[in-house]
Protein chains: 2
Amino acid sequence: MKKSLKSFFNPKGIVFVGASKNQNKLGYGLAKNLAKCDYPGEIHFVNPSGGELFGKKIEKTISDISGNIELAILLISSRFVLDTLLECKENGIKSVIIASGGFKEVGMEGALIEKKCLDFAQKYNIRLMGPNCIGLIDSHLPLNTTFLQETNIKKGSIGFISHSGAICAAILNWSQGQGFNFSKLVSLGNQADVNETDVLDYIGADRSTKTICMYLEGVADGRHFVNTGIKVTKTKPVIALKVGRSESGQKAVESHTGALAGQDIAFDAAFRRAGILRVETTEEMFNWAKTLAYCKNPNGNKVGVLTNAGGPGVTSVDAIEKNGLELSKLSDNTKSELKNSLPGSASVENPVDMLASASPEEYARSLTLLYTDPNVDLVMVILPPPPMFPAIKIIEEILPIIKLKSKKPTVVVPMGDSQIKDAVNMLRENNIPEFRFPENAASSLGALYSYSKIMRKDNSQVILKDDVYKSKVEKILKKPDIPQNDFVSDDVAHQILEAYNIPVLKMQLSKTVEDAVEIAERIGYPVALKISATKIQHKSDIGGVLLNIKTQDEVIEGFKKLIKLAKQKYPNSDIDGIHIQKMADKGQEVILGAVQDPQFGPLVMFGSGGTEIEGLEDIEFSLGPLTQEDINFMLSETWAGKKLKGFRNIPPVDRDALEDSMIRLAQLVKDFPQISEVEINPLNVFEGSKGVIAVDVRIKISE
Amino acid sequence: MKKSLKSFFNPKGIVFVGASKNQNKLGYGLAKNLAKCDYPGEIHFVNPSGGELFGKKIEKTISDISGNIELAILLISSRFVLDTLLECKENGIKSVIIASGGFKEVGMEGALIEKKCLDFAQKYNIRLMGPNCIGLIDSHLPLNTTFLQETNIKKGSIGFISHSGAICAAILNWSQGQGFNFSKLVSLGNQADVNETDVLDYIGADRSTKTICMYLEGVADGRHFVNTGIKVTKTKPVIALKVGRSESGQKAVESHTGALAGQDIAFDAAFRRAGILRVETTEEMFNWAKTLAYCKNPNGNKVGVLTNAGGPGVTSVDAIEKNGLELSKLSDNTKSELKNSLPGSASVENPVDMLASASPEEYARSLTLLYTDPNVDLVMVILPPPPMFPAIKIIEEILPIIKLKSKKPTVVVPMGDSQIKDAVNMLRENNIPEFRFPENAASSLGALYSYSKIMRKDNSQVILKDDVYKSKVEKILKKPDIPQNDFVSDDVAHQILEAYNIPVLKMQLSKTVEDAVEIAERIGYPVALKISATKIQHKSDIGGVLLNIKTQDEVIEGFKKLIKLAKQKYPNSDIDGIHIQKMADKGQEVILGAVQDPQFGPLVMFGSGGTEIEGLEDIEFSLGPLTQEDINFMLSETWAGKKLKGFRNIPPVDRDALEDSMIRLAQLVKDFPQISEVEINPLNVFEGSKGVIAVDVRIKISE
C-alpha cells in the first residue's frame, strides 16, 4: 500500500535544499515563490553556504532544522541527491520533490543515479516526485514549490497534471491572459515514483478542483490508470491531451487486427472506458475545462442561441451540429413571447436574432424566455460588438439572470477585442465561460454534454461469462506442439475458441486426395478447401482457399491445385494438408479480433470483415474484457454494426449472438495474455436468432 | 460587361447621404469615419436638415454639391433610397453603397423596394453594394465607409470579404488584439448587385492584398465564382469559411449519388477546383491568413523544429503529421554542428531540443543550422517562457536571421502571455507569424504547404472527349416516351451512355418466358435476370435481380418469380418485362454517378459500389467536367481508387479505362443539364487493359 500524496500537497512543514541568494539562479526563484506564496506552515531553506534569504536563516544541513518537516524540495546537482535523501530519511521526511535535472533524461549515468534514488526511497518508504520536474502549485492552501516567474496566482477550480514542465510554465502564464485559474498544478517530470495515476487519484478527491486537465506523454500502468479514471470521472470531468501519437513503435503486422491496432487506438479505447474526454489541442483542453468547471450538467443536448446578428448565428448552428448538439426547436409560447418583445423583423426561430439594435433589456428578456423553454437544455449568447450599446451594458443586464435564474449551462460569446474587454472581464470574474467565437463555445458545450452522458453511464461493469473453460485452453496451450511465438494450427485455434463457447465452422484435415473426397462426401456439398499450414497466414491472398466446391471431381482437382500452389509459394514450409470445411451459410460477415496492447492489455476489434479491412477501415477497438457500453460503441460506430439491424436487401441478423462472441473473445485474451493475436475473419452472423459461426480463425501465441 | 468596382474602392469623390449630428446615430459614426480616415479625395455630407459636421457643410441634396463625385454612400430609410438613386443618377454617380437595412432581409415589402432599386440601377448602369451592409475599409488608400467604432486602422495585407457585417465588425476589432491588419475589408450585405465573386475578382488584382479571406453564406453564381477563384488563386491564396452547412435543403434521395450529394459536398468540390483553401473555424481562417500573407511558398513539406523543452516539441510533432507535413530528417552535418554548439544532453534530432537553459545565441546558431540544412523546408521555433532569459532577448537575436538569412517560411511559437508579450509584439511588427501553441502553428504551415501545391497545379484544364455524340442523346431525349421528371428505361439509359462511348453490358428485354429462354440461349449462360420497370429503382433491394442463372429451367423459374414479385410489390406499376443480361466478367466493382447541383451544376461521384454505399461512404465528388487533378483526387482519396492498383489477392485493373468513363460521364451531365441523376452501379473495371463495363445504369431526367 503506497502512502498518500497528502504530504506533497498539504505538508506540515517544508525544507528547500538548494536555496540561493543569487538572483540569476533558479534556487533563488524557488525560494522566493516559497517565501511569498502565503503557505501557512513553516518553511526552511538549506544551503551549505548558509546566510539569510527573505528574512529566513539559511541552514547548512537539514539536520540543523528544528521543527516538523514533511516535505523536502531538492534543487541541487543530481550528484548530491542520494546523500540528501539519506539526510531526509534521517530527519523523518517522507515526501521529496526532486526539481533538479541530470537524471534519466540525460542518459545512462543519470538513469543510474535515478535508479539508486528510487531504490533508496522505496526501501525507506519515502515518496518521490520528479526528478526533473518543476513541482507543484496549490492556489488554495496556498503553496508554490516551483521556480516559475509567475506572480499573482489566483484561486481557481481547474486541476492540471502535466508530464511537461515547460507546458506547465507556458499554460500558467497563458491562463492569466485567458482569465481562468488553477486549483492545483503538478509537473511530474521523470516519474521515478509518483506518476500521473497517483496524482489523478489524489486530485480526483480534491474539493477545490472541479475539472482535471492532463497533458500526457504516456501512462505508467495502463489498467490502473483506467480504473482510477473510471472512479474519478464519476464525480468530476477529466480531460486529457495525449501527445506522441506518432511514436507508435513496432506494430504487429501479421493480422489485420495487428496492423490496425496501435498505441493511439489503445489510448482512445482506454480514455473511452475511463470516461476521460480526449482533446486534440492544448487550447481546446482549457476551453473545455472552464466550461466543465463552471457549468452544471445539462439535461439534454438542445441549444438555444441568442444573437444580435445573423452571421454569427449561422456559424453557431454549424458548430452546434458538428459537436454532437442540436439546435432547440423553440416552443410556440417562447416564439410568441419573443415576437411580442422584439422588433418585427427579428427572427424568433432559433437562433433568435434580435437584430443589431438589440438593447440590454431585449437580451435579458429573450434570455429569460430561453431559460423557461423546456426545449432548451443549453444556451449560447452571442454578442458581436453591438453598434448602439457598449457590450458591458448587455453583460451587466444578463449576468444576474445567468447566475440566479437558471440551471441551464450558459456560455457567452462576446466577439472582438477592445470593444468587449470589460464585458469579458466581468464574465470571467463571475465564472461564466466566455469565448471569442461561436465555434469554441459550441465545442465546449459539446464536451459538457459528453461529460453529462459519461456521468450517467455505468462503464465499470465488465461482462464475463461463466461457461468458458479456461482449464481446457490451459491444457491446449501446454501441449508440446504449441509454438512459442507463432500462429497455432487451425485445429488448435478452433479448439481454443470452442473452449470459450464461440461457435466455429467445423473442418477436417485431409492429407490425401482420398481423405478429401471421403470427408467432402460425408459432410455434404458444397464445401470449401483451404490450405493448412501455420506459416501461410493470409491464405486467400495467395489463392489458397477454394469455395463452393460442388462435386467429387472438383474436390480432387482442387486438392491437387492447392497442394501444388502451397509447395510452389512456400517451398520450405510444412504443409499439414488441406482442410475441408462445409460452406458457411450466408450471413453478415464481420471481423472480430483481439491483440495485447503493451500499455493496456487486451484490445478487441470489431468491424467489416473480408480482405479489404485495412482499406475500408470500418473498425473500432475497445479494451477487453468488454462492458456493454464498449459493445454498444463498437456496434454503433461501425457500418458493420449499424447494418446488423438490416439495410436495403440485407436482412437483420442475430446481434445477441454476436455480442456473446465478442464478450467471450475479450474474456479469452484477458485470461491468456500469451495469446497475442486472435482474428476471426469472417465471423458469419445469421438471420433472426440463428447465431454466429467463426469461419476462419487465426490465433498467435507470443512469449 | 459589368463596370469595374474601382469607383467603390478608389473613388474620385464621395458623398455620404444620411450624415447626422446626433452622436447616438450611426450616421454620425459613419460621417466621423469618413472625415477622419485620411481619405485623399473630397468628401461631402448630405442631410435635408443641413448644418455642419467635422468642419464640413452638410448639403441638403446631392445636387447642391459641386465637384466630381464617383461614390455615394446611403444610410437613410429604405423608403427614400430609390429617390436618392435617381438623384445619384442625375448627378452622374455610378457607384452606390446602400448601408441601410429595411430591404429583402425584413420581408416581402423590403424585397420589393430592393428589386426596384436594382432595376433602376441596372437601367442606368449604376452599381450597388449592399443594401444592408456596412460598406468597406481600405487601409492603404485609405478609406473607411463604415460606421464601425474602430479607430487606429493600420495598413495590412489581408483582404476580407464577408457576407456578414457583424462578423466584419467583430473580426476587425479582434484583429487588433491579434496584431494583424487588413488591406481591404468588404461587407456585402444583401448583394442586390455586387457579389462575392465581383469583389474576389477585384481584390484578387489588388497589390496591397497578399491573402484573401472570405466568410461565405453561399455564392450567387457557382461556376463564375469557381472560375474567378481559379484565376485569383494562381497569384494569391484565398481562404474561405463557408457557413450554413446544415441548410442543405431538399435532397434528391432516389439514387445513392443523390442521397450522398449535398450543398456542402458541392462546396468542397468547388473550393478544391478553384484552389480555395477551406477552413473549419473563423480563428483558423485568420491564423492561416497571416502565415500565407507573410511567408513565401516552401519548396516541400519537411519541418525543422527548434525548442527549449521536450513537451512542446512532442506536441509539434503530432501537429505536423496531422497537417500533412513531415518532420525533417536533419542532415548528419547539421546534427554534428548542433552537437558541437549545444550541451551534451540536448537533442540534436528533430525536434532540436536545446534544453531549458537555451540562450539567445544558442537559438540563433541552431536556427541558422536549420536554414542551411537542405532537408528543412519550413521552420517552427518554439519558445515556452525560458526560465533563464526574457523571451524578447531570444527574439531580438533570431529576428535578423529569420528576416535576412532565409527564404524558408518560419513561424514562431512564444508560449504564455505576459512573459512573452514583448516578444510577440516584436514578431508582429516584423510580420513574422506567431502563435501561442504548436498546434496552430503547424496548421498554418500545413495551409502554406497546401497553397504551394495549388500554385504548382494546373486545375483550369477540364478534359473533354471528341468522340461523344451529343446529337444522338438529343435525339433520344426528344422521343415522346422520355419522362419529364423520372427515370428513363434501362434501354434508354444504355443508349445514352453508349452515345458517349461508355461501354455498357448489353441486355435484352423479354416480355414472355419464351423470349427469355430464347435470349438466354442466344447470349449464353450464365445470365442475370432483372425486373424492368422504371418505377422500381433499387431492384436488388426487393430481390428483383437474379444472378448466375445457368440453365433453361432456371430462366423459366426466375422469369416467373420476378414477374410475380414485381406485381406483388408494385401492383400499380407498369412492368416492361424481364431484362436478360450476360453475367458480367469479374472485375473491381465501383460506382460512378453524377447529379446537378443547384449552385455549381454537374457534380460527379466516384467510389466503392454495391448496395452499401451510404454505409461505407467510400466516395468522393468533383465538379464536372473533370480535370486530371479532380480524377487524381477522387482515385487517391477513396479505397475504391486506391485498390485499382491491386491489393492482396485483388489484381490490378484498368485505371485508364475507368478515367475515360469518368470523363465521359462528366461531359454527359455538363452537356445535358436536364439529366439530373446518373448512377452506374456497378461499373466493373477489368484486369490489365481490358476496360470497363457499366453493368447497371439509372438515369433520371428533370425539367
# chains A, B, ... in the order shown; residues from 1 in each chain; ligands from 1
>>> select_by_dssp(residues="stretch 315-510 of chain B", states="strand (DSSP E or B)", output="PyMOL selection string")
chain B and resi 326-327+347+352-353+378-383+410-414+434+462+487+504+507-510
>>> residues_around(residues="B:Ile675", least_positions_apart="6", cutoff="7 Å", atoms="only C-alpha atoms", output="ChimeraX atom specification")
/B:669,700-702
>>> write_last_selection(atoms="N, CA and C atoms", output="JSON list (two decimals), in the first residue's frame")
[["chain", "number", "residue", "atom", "x", "y", "z"],
["B", 669, "VAL", "N", -23.23, 14.95, -68.34],
["B", 669, "VAL", "CA", -24.11, 15.76, -67.48],
["B", 669, "VAL", "C", -23.85, 17.25, -67.65],
["B", 700, "LYS", "N", -31.90, 9.75, -64.58],
["B", 700, "LYS", "CA", -33.13, 10.47, -64.30],
["B", 700, "LYS", "C", -33.14, 11.78, -65.07],
["B", 701, "ILE", "N", -34.29, 12.12, -65.58],
["B", 701, "ILE", "CA", -34.47, 13.39, -66.28],
["B", 701, "ILE", "C", -35.31, 14.30, -65.40],
["B", 702, "SER", "N", -34.89, 15.56, -65.29],
["B", 702, "SER", "CA", -35.72, 16.52, -64.57],
["B", 702, "SER", "C", -35.94, 17.73, -65.47]]
>>> atom_distance(atom1="atom CA of B:Ile392", atom2="atom CA of B:Ile432")
14.0 Å
>>> select_by_dssp(residues="stretch 336-516 of chain B", states="helix (DSSP H, G or I)", output="PyMOL selection string")
chain B and resi 336-341+360-372+391-405+418-429+438-456+470-478+490-499+513-516
>>> write_last_selection(atoms="C-alpha atoms", output="tab-separated table (two decimals), in the first residue's frame")
chain	number	residue	atom	x	y	z
B	336	SER	CA	27.16	17.26	-35.80
B	337	GLU	CA	27.23	21.05	-35.84
B	338	LEU	CA	24.35	21.15	-33.38
B	339	LYS	CA	26.20	18.67	-31.19
B	340	ASN	CA	29.21	20.98	-31.17
B	341	SER	CA	27.24	24.00	-30.15
B	360	PRO	CA	19.58	33.62	-27.35
B	361	GLU	CA	22.85	32.74	-29.07
B	362	GLU	CA	22.05	29.03	-29.00
B	363	TYR	CA	18.65	29.75	-30.57
B	364	ALA	CA	20.33	31.86	-33.24
B	365	ARG	CA	23.08	29.36	-34.05
B	366	SER	CA	20.71	26.41	-34.17
B	367	LEU	CA	18.23	28.31	-36.34
B	368	THR	CA	20.98	29.16	-38.81
B	369	LEU	CA	21.87	25.48	-38.97
B	370	LEU	CA	18.26	24.52	-39.72
B	371	TYR	CA	18.17	27.11	-42.50
B	372	THR	CA	21.25	25.68	-44.17
B	391	ALA	CA	11.77	35.80	-24.30
B	392	ILE	CA	12.33	39.14	-26.02
B	393	LYS	CA	16.11	38.60	-25.88
B	394	ILE	CA	15.74	35.46	-27.93
B	395	ILE	CA	13.50	37.14	-30.48
B	396	GLU	CA	15.94	40.05	-30.80
B	397	GLU	CA	18.67	37.57	-31.59
B	398	ILE	CA	16.78	35.42	-34.10
B	399	LEU	CA	14.74	38.11	-35.84
B	400	PRO	CA	17.51	39.30	-38.20
B	401	ILE	CA	18.26	35.70	-39.10
B	402	ILE	CA	14.62	34.98	-39.93
B	403	LYS	CA	14.27	38.19	-41.90
B	404	LEU	CA	17.52	38.25	-43.77
B	405	LYS	CA	19.14	34.90	-43.93
B	418	SER	CA	2.67	38.36	-20.04
B	419	GLN	CA	6.10	36.72	-20.13
B	420	ILE	CA	6.18	36.67	-23.91
B	421	LYS	CA	4.21	39.84	-24.69
B	422	ASP	CA	7.23	41.88	-25.82
B	423	ALA	CA	8.46	39.01	-27.93
B	424	VAL	CA	5.07	38.65	-29.59
B	425	ASN	CA	4.83	42.36	-30.32
B	426	MET	CA	8.25	42.41	-31.91
B	427	LEU	CA	7.31	39.48	-34.14
B	428	ARG	CA	4.06	41.16	-35.13
B	429	GLU	CA	5.79	44.39	-36.03
B	438	PRO	CA	2.48	24.48	-31.80
B	439	GLU	CA	-0.88	23.10	-32.97
B	440	ASN	CA	-1.97	26.40	-34.54
B	441	ALA	CA	1.49	26.98	-35.96
B	442	ALA	CA	1.52	23.56	-37.63
B	443	SER	CA	-1.97	24.03	-39.01
B	444	SER	CA	-0.84	27.28	-40.62
B	445	LEU	CA	2.31	25.75	-42.07
B	446	GLY	CA	0.11	22.98	-43.43
B	447	ALA	CA	-2.07	25.57	-45.18
B	448	LEU	CA	1.02	27.25	-46.58
B	449	TYR	CA	2.23	23.95	-47.98
B	450	SER	CA	-1.23	23.22	-49.41
B	451	TYR	CA	-1.22	26.54	-51.17
B	452	SER	CA	2.24	25.92	-52.59
B	453	LYS	CA	0.82	22.76	-54.17
B	454	ILE	CA	-2.20	24.65	-55.52
B	455	MET	CA	0.10	27.16	-57.21
B	456	ARG	CA	2.03	24.40	-58.89
B	470	LYS	CA	-24.34	14.79	-78.35
B	471	SER	CA	-26.83	14.79	-81.19
B	472	LYS	CA	-27.66	11.15	-80.56
B	473	VAL	CA	-28.54	11.94	-76.96
B	474	GLU	CA	-30.51	14.99	-78.06
B	475	LYS	CA	-32.47	12.77	-80.38
B	476	ILE	CA	-33.08	10.19	-77.64
B	477	LEU	CA	-34.25	12.83	-75.19
B	478	LYS	CA	-36.70	14.23	-77.71
B	490	ASP	CA	-32.90	0.75	-68.82
B	491	ASP	CA	-32.75	0.58	-72.59
B	492	VAL	CA	-32.72	4.33	-72.95
B	493	ALA	CA	-30.15	4.66	-70.20
B	494	HIS	CA	-27.91	2.25	-72.08
B	495	GLN	CA	-28.36	4.14	-75.33
B	496	ILE	CA	-27.41	7.42	-73.66
B	497	LEU	CA	-24.20	6.02	-72.19
B	498	GLU	CA	-23.32	4.34	-75.47
B	499	ALA	CA	-23.69	7.66	-77.27
B	513	VAL	CA	-40.92	-16.77	-70.76
B	514	GLU	CA	-40.25	-17.96	-74.28
B	515	ASP	CA	-38.49	-14.68	-75.14
B	516	ALA	CA	-36.41	-15.02	-72.03
>>> residues_around(residues="A:Ile203", least_positions_apart="5", cutoff="8 Å", atoms="only C-alpha atoms", output="PDB file with C-alpha atoms, in the first residue's frame")
ATOM      1  CA  GLY A 159      -6.513  20.960 -11.788  1.00  0.00           C
ATOM      2  CA  LYS A 184      -3.669  22.568  -8.367  1.00  0.00           C
ATOM      3  CA  THR A 209     -10.858  21.066  -8.114  1.00  0.00           C
ATOM      4  CA  ILE A 212      -8.918  17.947 -14.165  1.00  0.00           C
TER       5      ILE A 212
END
>>> interface_residues(of="chain A", to="chain B", cutoff="7 Å", atoms="only C-alpha atoms", output="CSV table (one decimal) with C-alpha atoms, in the first residue's frame")
chain,number,residue,atom,x,y,z
A,106,VAL,CA,20.4,12.9,-19.8
A,164,SER,CA,6.0,18.5,-19.3
A,166,ALA,CA,7.6,23.7,-19.9
A,167,ILE,CA,3.9,23.2,-20.8
A,169,ALA,CA,5.1,27.1,-17.2
A,170,ALA,CA,3.6,28.2,-20.5
A,171,ILE,CA,0.0,27.4,-19.6
A,173,ASN,CA,1.3,32.2,-17.8
A,174,TRP,CA,-1.1,31.9,-20.7
A,177,GLY,CA,-4.4,36.3,-20.1
A,243,VAL,CA,0.8,13.6,-27.2
A,244,GLY,CA,3.3,11.5,-29.0
A,245,ARG,CA,0.8,9.9,-31.4
A,246,SER,CA,3.4,9.2,-34.0
A,281,THR,CA,-5.2,20.6,-28.9
A,309,ALA,CA,-26.6,39.4,-35.9
A,311,GLY,CA,-23.8,35.7,-39.4
A,312,PRO,CA,-22.5,34.6,-36.0
A,314,VAL,CA,-25.3,30.7,-38.7
A,315,THR,CA,-21.7,30.0,-37.6
A,318,ASP,CA,-22.8,24.7,-37.9
A,345,SER,CA,-38.1,41.8,-38.5
A,384,PRO,CA,-20.6,40.9,-31.7
A,385,PRO,CA,-19.8,44.5,-30.7
A,415,MET,CA,-16.8,38.8,-30.3
A,416,GLY,CA,-14.0,41.3,-30.8
A,417,ASP,CA,-11.2,42.6,-28.6
A,418,SER,CA,-11.0,46.1,-27.1
A,419,GLN,CA,-14.8,46.7,-27.6
A,439,GLU,CA,-17.1,27.6,-32.7
A,540,SER,CA,-6.8,-16.2,-49.6
A,541,ASP,CA,-4.2,-13.7,-50.7
A,542,ILE,CA,-2.3,-16.5,-52.5
A,615,GLY,CA,-8.7,-0.2,-46.9
A,616,LEU,CA,-12.2,0.3,-45.7
A,639,TRP,CA,-21.1,0.2,-40.6
A,648,ARG,CA,-32.0,-2.5,-48.0
A,649,ASN,CA,-31.9,-6.1,-49.2
>>> decode(residues="stretch 458-469 of chain B", atoms="all heavy atoms", output="compact mmCIF listing (two decimals), in the first residue's frame")
# COMPACT_ATOMS: atom_id res chain seq x y z
N ASP B 458 -2.08 22.77 -62.33
CA ASP B 458 -2.93 23.41 -63.31
C ASP B 458 -4.32 22.80 -63.18
O ASP B 458 -4.54 21.68 -63.62
CB ASP B 458 -2.40 23.22 -64.72
CG ASP B 458 -3.33 23.88 -65.73
OD1 ASP B 458 -4.25 24.61 -65.29
OD2 ASP B 458 -3.15 23.66 -66.93
N ASN B 459 -5.21 23.54 -62.58
CA ASN B 459 -6.55 22.99 -62.38
C ASN B 459 -7.58 23.70 -63.24
O ASN B 459 -8.76 23.70 -62.94
CB ASN B 459 -6.93 23.05 -60.91
CG ASN B 459 -7.92 21.94 -60.56
OD1 ASN B 459 -8.01 20.97 -61.30
ND2 ASN B 459 -8.67 22.10 -59.50
N SER B 460 -7.12 24.33 -64.31
CA SER B 460 -8.10 25.05 -65.13
C SER B 460 -8.46 24.26 -66.39
O SER B 460 -9.44 24.55 -67.05
CB SER B 460 -7.54 26.42 -65.52
OG SER B 460 -6.29 26.25 -66.15
N GLN B 461 -7.67 23.22 -66.69
CA GLN B 461 -7.92 22.46 -67.92
C GLN B 461 -8.89 21.32 -67.69
O GLN B 461 -8.50 20.26 -67.20
CB GLN B 461 -6.59 21.90 -68.45
CG GLN B 461 -5.78 22.88 -69.26
CD GLN B 461 -6.60 23.63 -70.29
OE1 GLN B 461 -6.87 24.82 -70.12
NE2 GLN B 461 -7.07 22.95 -71.34
N VAL B 462 -10.14 21.49 -68.09
CA VAL B 462 -11.06 20.37 -68.00
C VAL B 462 -10.86 19.48 -69.22
O VAL B 462 -10.47 19.95 -70.29
CB VAL B 462 -12.54 20.80 -67.90
CG1 VAL B 462 -12.73 21.68 -66.67
CG2 VAL B 462 -12.99 21.51 -69.15
N ILE B 463 -11.08 18.19 -69.02
CA ILE B 463 -10.84 17.23 -70.10
C ILE B 463 -12.16 16.93 -70.79
O ILE B 463 -13.14 16.55 -70.15
CB ILE B 463 -10.22 15.93 -69.56
CG1 ILE B 463 -9.04 16.25 -68.63
CG2 ILE B 463 -9.78 15.04 -70.71
CD1 ILE B 463 -8.46 15.04 -67.96
N LEU B 464 -12.17 17.09 -72.10
CA LEU B 464 -13.37 16.79 -72.88
C LEU B 464 -12.97 15.85 -74.02
O LEU B 464 -11.87 15.95 -74.56
CB LEU B 464 -13.98 18.08 -73.45
CG LEU B 464 -14.51 19.06 -72.38
CD1 LEU B 464 -14.93 20.37 -73.02
CD2 LEU B 464 -15.67 18.45 -71.61
N LYS B 465 -13.87 14.96 -74.34
CA LYS B 465 -13.60 13.99 -75.41
C LYS B 465 -14.32 14.42 -76.69
O LYS B 465 -15.42 14.97 -76.64
CB LYS B 465 -14.13 12.60 -74.99
CG LYS B 465 -13.45 12.04 -73.75
CD LYS B 465 -12.09 11.47 -74.09
CE LYS B 465 -11.40 10.94 -72.83
NZ LYS B 465 -10.06 10.40 -73.11
N ASP B 466 -13.70 14.11 -77.83
CA ASP B 466 -14.33 14.43 -79.11
C ASP B 466 -15.35 13.38 -79.53
O ASP B 466 -16.35 13.67 -80.15
CB ASP B 466 -13.27 14.53 -80.22
CG ASP B 466 -12.46 15.79 -80.06
OD1 ASP B 466 -12.99 16.76 -79.47
OD2 ASP B 466 -11.29 15.81 -80.50
N ASP B 467 -15.03 12.12 -79.22
CA ASP B 467 -15.88 11.05 -79.74
C ASP B 467 -17.08 10.77 -78.84
O ASP B 467 -17.31 9.64 -78.42
CB ASP B 467 -15.05 9.78 -79.96
CG ASP B 467 -14.35 9.34 -78.70
OD1 ASP B 467 -14.19 10.18 -77.77
OD2 ASP B 467 -13.95 8.17 -78.61
N VAL B 468 -17.80 11.85 -78.54
CA VAL B 468 -19.09 11.69 -77.87
C VAL B 468 -20.14 12.23 -78.83
O VAL B 468 -19.84 13.14 -79.61
CB VAL B 468 -19.15 12.46 -76.53
CG1 VAL B 468 -18.09 11.98 -75.58
CG2 VAL B 468 -19.03 13.97 -76.75
N TYR B 469 -21.32 11.65 -78.80
CA TYR B 469 -22.30 12.01 -79.82
C TYR B 469 -23.52 12.67 -79.18
O TYR B 469 -24.51 12.05 -78.85
CB TYR B 469 -22.65 10.77 -80.66
CG TYR B 469 -21.37 10.29 -81.30
CD1 TYR B 469 -20.61 9.27 -80.72
CD2 TYR B 469 -20.87 10.94 -82.43
CE1 TYR B 469 -19.40 8.88 -81.26
CE2 TYR B 469 -19.64 10.56 -82.98
CZ TYR B 469 -18.92 9.54 -82.39
OH TYR B 469 -17.70 9.19 -82.92
